[in-house]
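Here the structure comes first, spelled out in structure tokens, and everything after it is commentary.
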Amino acid sequence: MNDPLVYLNGEMTPLSAAKIPVLDRGFIFGDGIYEVIPVYQRKMFRADQHLARLFRSLTSIGITNPHSKDEWLALIAKVMDAHEADDQMVYLQVTRGVAKRAHAFPKDVTPTVFIMTNPIVLPSATARENGVACVSMEDKRWLRCEIKSISLLGNVLAAQNAAEEGAAESIQFRDGFLTEASASNVWIVKDGVLMGPPKDNLILEGIRYGLIEELCADNQIKLLARRITREEVFAADEVMLSSATKEVLAVVKLDDVTIGNGKPGAVYHQLYAAYQKAKQA
């Protein structure tokens, strides 16, 4: 579909025709929230959790939610139905709206709402079988990472760092402790125990975080959420990434250090299989 239909402020329109005013605060300030929802066989995956996070993020920055949950679901379905692919990645964004440029919140402004979707692109079979390489870097982002803000320059720079190094992701550390990658949560395994950073303001709590908690409970995998040192990551038996597009993906090399035996490990294989089963539920 060369010019797909998208939703913008009450109308379905071709993507090429979708326009916003230059004084939209999303454009001027990055003043907005976004969400990404995977779709498998035309069914949204964990839509309730994604919308709950959207609502939390909107509340966190003082944007009035422009739609009820049912209205959001109907709008997303309308965009999904306009596309040919059965497996999609829905992107939705809410900005504070259009107003004279001033830093403080404007009064009586209508939020801008945008929804689009594309075919989902998942890791290749080779990446699944062999794992991927990542690089490490210092986390220099702001301290409200739990908000899914469209202000993503820190993440963009981290992703570019990985691209320049030929790596799948940049795994970030703040003051010597693991936070997250540029667009993924990060997990380690030691002695069969899966560990992830705590759900605080230093990471975006990915929807996969909650899913992995459920999968671990269902598959008798011990899970701990705690602060994880840089040294523990490099000495881990396994390292994994999780995100909407990566699902669960094994990391077999970090900088010049081989993780474990250099192959995707047993816990990864167990979680990946459980993840695929959850998609079919």
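Letters A, B, ... go to the chains of the structure tokens in the order shown; residues in each chain start at 1; ligands are counted from 1 in the same order.
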
Check your understanding: Residues of stretch 72-281 of chain A in alpha helix (DSSP H) according to DSSP, as a count of residues only?
Key -> 60

Check your understanding: Can you tell me, as JSON, numbers by chain, what residues are no more than 9 Å from stretch 44-57 of chain A when counting only C-alpha atoms, ignoring any on the same chain fewer than 2 positions away?
Key -> {"A": [33, 34, 35, 36, 37, 38, 39, 40, 41, 42, 59, 60, 61, 62, 63, 65, 69, 72, 73, 77, 88, 90, 146, 147, 148, 149, 205, 207, 210, 211, 279]}

Write out as an mmCIF file with N, CA and C atoms, in the first residue's frame all residues of stretch 11-250 of chain A that backbone DSSP assigns to strand (DSSP E or B).
```
data_model
loop_
_atom_site.group_PDB
_atom_site.id
_atom_site.type_symbol
_atom_site.label_atom_id
_atom_site.label_comp_id
_atom_site.auth_asym_id
_atom_site.auth_seq_id
_atom_site.Cartn_x
_atom_site.Cartn_y
_atom_site.Cartn_z
ATOM 1 N N GLU A 11 -10.547 12.278 11.081
ATOM 2 C CA GLU A 11 -10.720 11.904 9.680
ATOM 3 C C GLU A 11 -9.727 10.825 9.265
ATOM 4 N N MET A 12 -10.183 9.936 8.394
ATOM 5 C CA MET A 12 -9.293 9.001 7.713
ATOM 6 C C MET A 12 -8.791 9.699 6.449
ATOM 7 N N THR A 13 -7.492 9.670 6.251
ATOM 8 C CA THR A 13 -6.899 10.394 5.133
ATOM 9 C C THR A 13 -5.662 9.648 4.643
ATOM 10 N N PRO A 14 -5.306 9.769 3.351
ATOM 11 C CA PRO A 14 -4.042 9.185 2.906
ATOM 12 C C PRO A 14 -2.868 9.777 3.677
ATOM 13 N N ASP A 24 1.897 23.059 16.244
ATOM 14 C CA ASP A 24 1.536 21.919 17.096
ATOM 15 C C ASP A 24 2.661 21.693 18.103
ATOM 16 N N GLY A 32 4.132 15.469 23.873
ATOM 17 C CA GLY A 32 3.112 14.487 23.546
ATOM 18 C C GLY A 32 3.504 13.092 23.992
ATOM 19 N N ILE A 33 2.599 12.172 23.767
ATOM 20 C CA ILE A 33 2.724 10.782 24.189
ATOM 21 C C ILE A 33 2.454 9.890 22.987
ATOM 22 N N TYR A 34 3.104 8.722 22.959
ATOM 23 C CA TYR A 34 2.815 7.777 21.873
ATOM 24 C C TYR A 34 2.681 6.368 22.433
ATOM 25 N N GLU A 35 2.193 5.493 21.615
ATOM 26 C CA GLU A 35 2.061 4.081 21.983
ATOM 27 C C GLU A 35 2.196 3.255 20.719
ATOM 28 N N VAL A 36 2.702 2.038 20.860
ATOM 29 C CA VAL A 36 2.878 1.117 19.735
ATOM 30 C C VAL A 36 2.257 -0.223 20.122
ATOM 31 N N ILE A 37 1.330 -0.715 19.313
ATOM 32 C CA ILE A 37 0.591 -1.934 19.639
ATOM 33 C C ILE A 37 0.784 -2.955 18.526
ATOM 34 N N PRO A 38 1.355 -4.124 18.831
ATOM 35 C CA PRO A 38 1.474 -5.157 17.794
ATOM 36 C C PRO A 38 0.128 -5.816 17.513
ATOM 37 N N VAL A 39 -0.029 -6.234 16.272
ATOM 38 C CA VAL A 39 -1.257 -6.881 15.819
ATOM 39 C C VAL A 39 -0.874 -8.178 15.123
ATOM 40 N N TYR A 40 -1.440 -9.293 15.575
ATOM 41 C CA TYR A 40 -1.197 -10.594 14.958
ATOM 42 C C TYR A 40 -2.522 -11.141 14.444
ATOM 43 N N LYS A 43 -5.558 -9.158 15.204
ATOM 44 C CA LYS A 43 -5.980 -9.060 16.595
ATOM 45 C C LYS A 43 -4.908 -8.330 17.387
ATOM 46 N N MET A 44 -5.287 -7.233 18.041
ATOM 47 C CA MET A 44 -4.336 -6.486 18.851
ATOM 48 C C MET A 44 -3.841 -7.335 20.010
ATOM 49 N N GLN A 88 0.449 -6.447 11.969
ATOM 50 C CA GLN A 88 0.715 -5.017 11.851
ATOM 51 C C GLN A 88 1.378 -4.464 13.112
ATOM 52 N N MET A 89 1.863 -3.236 12.992
ATOM 53 C CA MET A 89 2.366 -2.491 14.143
ATOM 54 C C MET A 89 1.664 -1.139 14.142
ATOM 55 N N VAL A 90 0.725 -0.958 15.061
ATOM 56 C CA VAL A 90 -0.064 0.266 15.143
ATOM 57 C C VAL A 90 0.706 1.305 15.951
ATOM 58 N N TYR A 91 0.796 2.510 15.400
ATOM 59 C CA TYR A 91 1.416 3.644 16.093
ATOM 60 C C TYR A 91 0.341 4.693 16.336
ATOM 61 N N LEU A 92 0.206 5.130 17.587
ATOM 62 C CA LEU A 92 -0.724 6.218 17.871
ATOM 63 C C LEU A 92 -0.023 7.276 18.706
ATOM 64 N N GLN A 93 -0.406 8.515 18.484
ATOM 65 C CA GLN A 93 0.264 9.659 19.120
ATOM 66 C C GLN A 93 -0.760 10.717 19.499
ATOM 67 N N VAL A 94 -0.570 11.271 20.684
ATOM 68 C CA VAL A 94 -1.397 12.370 21.168
ATOM 69 C C VAL A 94 -0.470 13.506 21.584
ATOM 70 N N THR A 95 -0.643 14.678 20.979
ATOM 71 C CA THR A 95 0.108 15.847 21.431
ATOM 72 C C THR A 95 -0.840 16.810 22.149
ATOM 73 N N VAL A 98 -2.345 22.561 19.264
ATOM 74 C CA VAL A 98 -1.800 23.731 18.567
ATOM 75 C C VAL A 98 -2.019 24.969 19.422
ATOM 76 N N THR A 112 -4.038 16.880 19.586
ATOM 77 C CA THR A 112 -3.897 16.304 18.254
ATOM 78 C C THR A 112 -3.780 14.790 18.392
ATOM 79 N N VAL A 113 -4.593 14.058 17.623
ATOM 80 C CA VAL A 113 -4.605 12.592 17.680
ATOM 81 C C VAL A 113 -4.262 12.038 16.305
ATOM 82 N N PHE A 114 -3.282 11.142 16.276
ATOM 83 C CA PHE A 114 -2.817 10.555 15.022
ATOM 84 C C PHE A 114 -2.647 9.055 15.219
ATOM 85 N N ILE A 115 -3.119 8.270 14.249
ATOM 86 C CA ILE A 115 -2.961 6.808 14.287
ATOM 87 C C ILE A 115 -2.563 6.326 12.892
ATOM 88 N N MET A 116 -1.535 5.494 12.842
ATOM 89 C CA MET A 116 -1.159 4.843 11.591
ATOM 90 C C MET A 116 -0.749 3.414 11.894
ATOM 91 N N THR A 117 -0.595 2.609 10.862
ATOM 92 C CA THR A 117 -0.130 1.241 11.049
ATOM 93 C C THR A 117 0.705 0.819 9.854
ATOM 94 N N ASN A 118 1.622 -0.112 10.104
ATOM 95 C CA ASN A 118 2.487 -0.670 9.073
ATOM 96 C C ASN A 118 2.606 -2.173 9.298
ATOM 97 N N PRO A 119 3.014 -2.920 8.289
ATOM 98 C CA PRO A 119 3.293 -4.338 8.525
ATOM 99 C C PRO A 119 4.371 -4.484 9.598
ATOM 100 N N VAL A 132 22.099 -11.824 18.814
ATOM 101 C CA VAL A 132 22.592 -10.574 18.231
ATOM 102 C C VAL A 132 23.679 -9.975 19.119
ATOM 103 N N ALA A 133 24.426 -9.054 18.530
ATOM 104 C CA ALA A 133 25.472 -8.320 19.244
ATOM 105 C C ALA A 133 24.957 -6.936 19.626
ATOM 106 N N CYS A 134 25.340 -6.462 20.796
ATOM 107 C CA CYS A 134 24.970 -5.131 21.263
ATOM 108 C C CYS A 134 26.210 -4.399 21.746
ATOM 109 N N VAL A 135 26.081 -3.109 21.945
ATOM 110 C CA VAL A 135 27.152 -2.297 22.515
ATOM 111 C C VAL A 135 26.631 -1.633 23.780
ATOM 112 N N SER A 136 27.539 -1.246 24.650
ATOM 113 C CA SER A 136 27.149 -0.585 25.895
ATOM 114 C C SER A 136 27.437 0.906 25.799
ATOM 115 N N MET A 137 26.678 1.685 26.585
ATOM 116 C CA MET A 137 26.919 3.123 26.638
ATOM 117 C C MET A 137 26.309 3.687 27.916
ATOM 118 N N GLU A 138 26.738 4.865 28.280
ATOM 119 C CA GLU A 138 26.190 5.545 29.448
ATOM 120 C C GLU A 138 24.801 6.083 29.116
ATOM 121 N N SER A 149 7.095 9.271 26.182
ATOM 122 C CA SER A 149 7.077 10.591 25.553
ATOM 123 C C SER A 149 7.552 10.519 24.114
ATOM 124 N N GLU A 169 21.512 -3.157 19.255
ATOM 125 C CA GLU A 169 21.013 -2.235 20.265
ATOM 126 C C GLU A 169 22.172 -1.668 21.062
ATOM 127 N N SER A 170 21.925 -0.519 21.686
ATOM 128 C CA SER A 170 22.810 0.022 22.714
ATOM 129 C C SER A 170 22.192 -0.286 24.071
ATOM 130 N N ILE A 171 22.911 -1.017 24.903
ATOM 131 C CA ILE A 171 22.466 -1.324 26.261
ATOM 132 C C ILE A 171 23.060 -0.274 27.187
ATOM 133 N N GLN A 172 22.197 0.389 27.947
ATOM 134 C CA GLN A 172 22.602 1.585 28.681
ATOM 135 C C GLN A 172 22.742 1.324 30.184
ATOM 136 N N PHE A 173 23.668 2.077 30.774
ATOM 137 C CA PHE A 173 23.939 2.005 32.204
ATOM 138 C C PHE A 173 23.959 3.413 32.777
ATOM 139 N N ARG A 174 23.340 3.566 33.938
ATOM 140 C CA ARG A 174 23.357 4.849 34.645
ATOM 141 C C ARG A 174 24.044 4.634 35.995
ATOM 142 N N PHE A 177 24.737 1.014 36.783
ATOM 143 C CA PHE A 177 23.641 0.047 36.877
ATOM 144 C C PHE A 177 22.864 -0.002 35.564
ATOM 145 N N LEU A 178 22.410 -1.202 35.219
ATOM 146 C CA LEU A 178 21.641 -1.425 33.998
ATOM 147 C C LEU A 178 20.323 -0.650 34.032
ATOM 148 N N THR A 179 20.007 0.037 32.930
ATOM 149 C CA THR A 179 18.681 0.634 32.778
ATOM 150 C C THR A 179 17.943 -0.102 31.652
ATOM 151 N N GLU A 180 18.133 0.325 30.411
ATOM 152 C CA GLU A 180 17.462 -0.321 29.280
ATOM 153 C C GLU A 180 18.225 -0.028 28.009
ATOM 154 N N ALA A 181 17.764 -0.575 26.906
ATOM 155 C CA ALA A 181 18.365 -0.281 25.612
ATOM 156 C C ALA A 181 17.626 0.898 24.979
ATOM 157 N N ASN A 185 13.522 -3.292 26.689
ATOM 158 C CA ASN A 185 13.932 -3.656 28.043
ATOM 159 C C ASN A 185 15.027 -4.704 27.947
ATOM 160 N N VAL A 186 15.859 -4.789 28.988
ATOM 161 C CA VAL A 186 17.005 -5.696 29.001
ATOM 162 C C VAL A 186 16.901 -6.616 30.214
ATOM 163 N N TRP A 187 17.209 -7.888 29.993
ATOM 164 C CA TRP A 187 17.133 -8.921 31.025
ATOM 165 C C TRP A 187 18.439 -9.702 31.047
ATOM 166 N N ILE A 188 18.790 -10.226 32.226
ATOM 167 C CA ILE A 188 19.932 -11.126 32.312
ATOM 168 C C ILE A 188 19.491 -12.410 33.011
ATOM 169 N N VAL A 189 20.252 -13.461 32.763
ATOM 170 C CA VAL A 189 20.030 -14.742 33.438
ATOM 171 C C VAL A 189 21.339 -15.162 34.101
ATOM 172 N N LYS A 190 21.252 -15.559 35.364
ATOM 173 C CA LYS A 190 22.397 -16.130 36.068
ATOM 174 C C LYS A 190 21.907 -17.313 36.885
ATOM 175 N N VAL A 193 18.170 -17.980 36.941
ATOM 176 C CA VAL A 193 17.284 -16.934 37.459
ATOM 177 C C VAL A 193 17.263 -15.759 36.486
ATOM 178 N N LEU A 194 16.071 -15.361 36.061
ATOM 179 C CA LEU A 194 15.918 -14.202 35.187
ATOM 180 C C LEU A 194 15.836 -12.943 36.042
ATOM 181 N N MET A 195 16.572 -11.910 35.651
ATOM 182 C CA MET A 195 16.593 -10.658 36.408
ATOM 183 C C MET A 195 16.423 -9.470 35.481
ATOM 184 N N GLY A 196 15.701 -8.462 35.962
ATOM 185 C CA GLY A 196 15.511 -7.226 35.222
ATOM 186 C C GLY A 196 15.562 -6.041 36.166
ATOM 187 N N LEU A 223 12.051 -15.159 38.777
ATOM 188 C CA LEU A 223 12.258 -13.803 38.269
ATOM 189 C C LEU A 223 12.503 -12.852 39.427
ATOM 190 N N LEU A 224 13.550 -12.049 39.303
ATOM 191 C CA LEU A 224 13.862 -11.027 40.295
ATOM 192 C C LEU A 224 13.964 -9.674 39.619
ATOM 193 N N ALA A 225 13.336 -8.656 40.201
ATOM 194 C CA ALA A 225 13.496 -7.278 39.745
ATOM 195 C C ALA A 225 14.365 -6.561 40.771
ATOM 196 N N THR A 229 24.230 -4.569 38.293
ATOM 197 C CA THR A 229 25.458 -3.852 37.982
ATOM 198 C C THR A 229 25.938 -4.164 36.569
ATOM 199 N N GLU A 238 23.069 -15.449 30.301
ATOM 200 C CA GLU A 238 22.272 -15.019 29.156
ATOM 201 C C GLU A 238 21.924 -13.545 29.322
ATOM 202 N N VAL A 239 21.772 -12.856 28.186
ATOM 203 C CA VAL A 239 21.229 -11.496 28.153
ATOM 204 C C VAL A 239 20.145 -11.488 27.086
ATOM 205 N N MET A 240 19.037 -10.814 27.376
ATOM 206 C CA MET A 240 17.919 -10.770 26.430
ATOM 207 C C MET A 240 17.369 -9.363 26.297
ATOM 208 N N LEU A 241 16.800 -9.080 25.141
ATOM 209 C CA LEU A 241 16.041 -7.866 24.886
ATOM 210 C C LEU A 241 14.567 -8.236 24.758
ATOM 211 N N SER A 242 13.697 -7.311 25.159
ATOM 212 C CA SER A 242 12.267 -7.509 24.897
ATOM 213 C C SER A 242 11.653 -6.198 24.458
ATOM 214 N N SER A 243 10.780 -6.285 23.457
ATOM 215 C CA SER A 243 10.047 -5.119 22.964
ATOM 216 C C SER A 243 8.940 -5.618 22.053
ATOM 217 N N GLU A 247 10.033 -8.824 20.347
ATOM 218 C CA GLU A 247 9.421 -9.853 21.182
ATOM 219 C C GLU A 247 10.430 -10.214 22.271
ATOM 220 N N VAL A 248 11.081 -11.368 22.195
ATOM 221 C CA VAL A 248 12.205 -11.694 23.075
ATOM 222 C C VAL A 248 13.360 -12.087 22.172
ATOM 223 N N LEU A 249 14.539 -11.513 22.415
ATOM 224 C CA LEU A 249 15.674 -11.723 21.514
ATOM 225 C C LEU A 249 16.951 -11.869 22.333
ATOM 226 N N ALA A 250 17.733 -12.910 22.036
ATOM 227 C CA ALA A 250 18.946 -13.195 22.792
ATOM 228 C C ALA A 250 20.109 -12.304 22.338
#
```

Exercise for review: For atom CA of A:Gly260 and atom CA of A:Ala236, quote the distance in Å rounded to one decimal.
Suggested key: 6.4 Å

**Study point:** Polymer residues at most 8 Å from A:Pro4, only C-alpha atoms, same-chain spacing of 6 or more positions, as a list of chain:residue names
**Key:**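 Near neighbours after the sequence-gap exclusion: A:Pro14, A:Leu15, A:Ala82, A:His83.
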
Go ahead and write the residues just picked, N, CA, C and O atoms, as an mmCIF file, in the first residue's frame.
```cif
data_model
loop_
_atom_site.group_PDB
_atom_site.id
_atom_site.type_symbol
_atom_site.label_atom_id
_atom_site.label_comp_id
_atom_site.auth_asym_id
_atom_site.auth_seq_id
_atom_site.Cartn_x
_atom_site.Cartn_y
_atom_site.Cartn_z
ATOM 1 N N PRO A 14 -5.306 9.769 3.351
ATOM 2 C CA PRO A 14 -4.042 9.185 2.906
ATOM 3 C C PRO A 14 -2.868 9.777 3.677
ATOM 4 O O PRO A 14 -2.876 10.970 4.021
ATOM 5 N N LEU A 15 -1.881 8.967 3.963
ATOM 6 C CA LEU A 15 -0.732 9.435 4.736
ATOM 7 C C LEU A 15 -0.096 10.674 4.109
ATOM 8 O O LEU A 15 0.294 11.608 4.807
ATOM 9 N N ALA A 82 -8.197 -0.845 7.373
ATOM 10 C CA ALA A 82 -7.889 -0.192 6.092
ATOM 11 C C ALA A 82 -6.591 -0.705 5.479
ATOM 12 O O ALA A 82 -6.206 -0.257 4.396
ATOM 13 N N HIS A 83 -5.925 -1.637 6.154
ATOM 14 C CA HIS A 83 -4.631 -2.127 5.679
ATOM 15 C C HIS A 83 -4.692 -3.606 5.335
ATOM 16 O O HIS A 83 -5.468 -4.372 5.921
#
```

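The space between atom CA of A:Glu213 and atom CA of A:Ala183 spans 19.1 Å.
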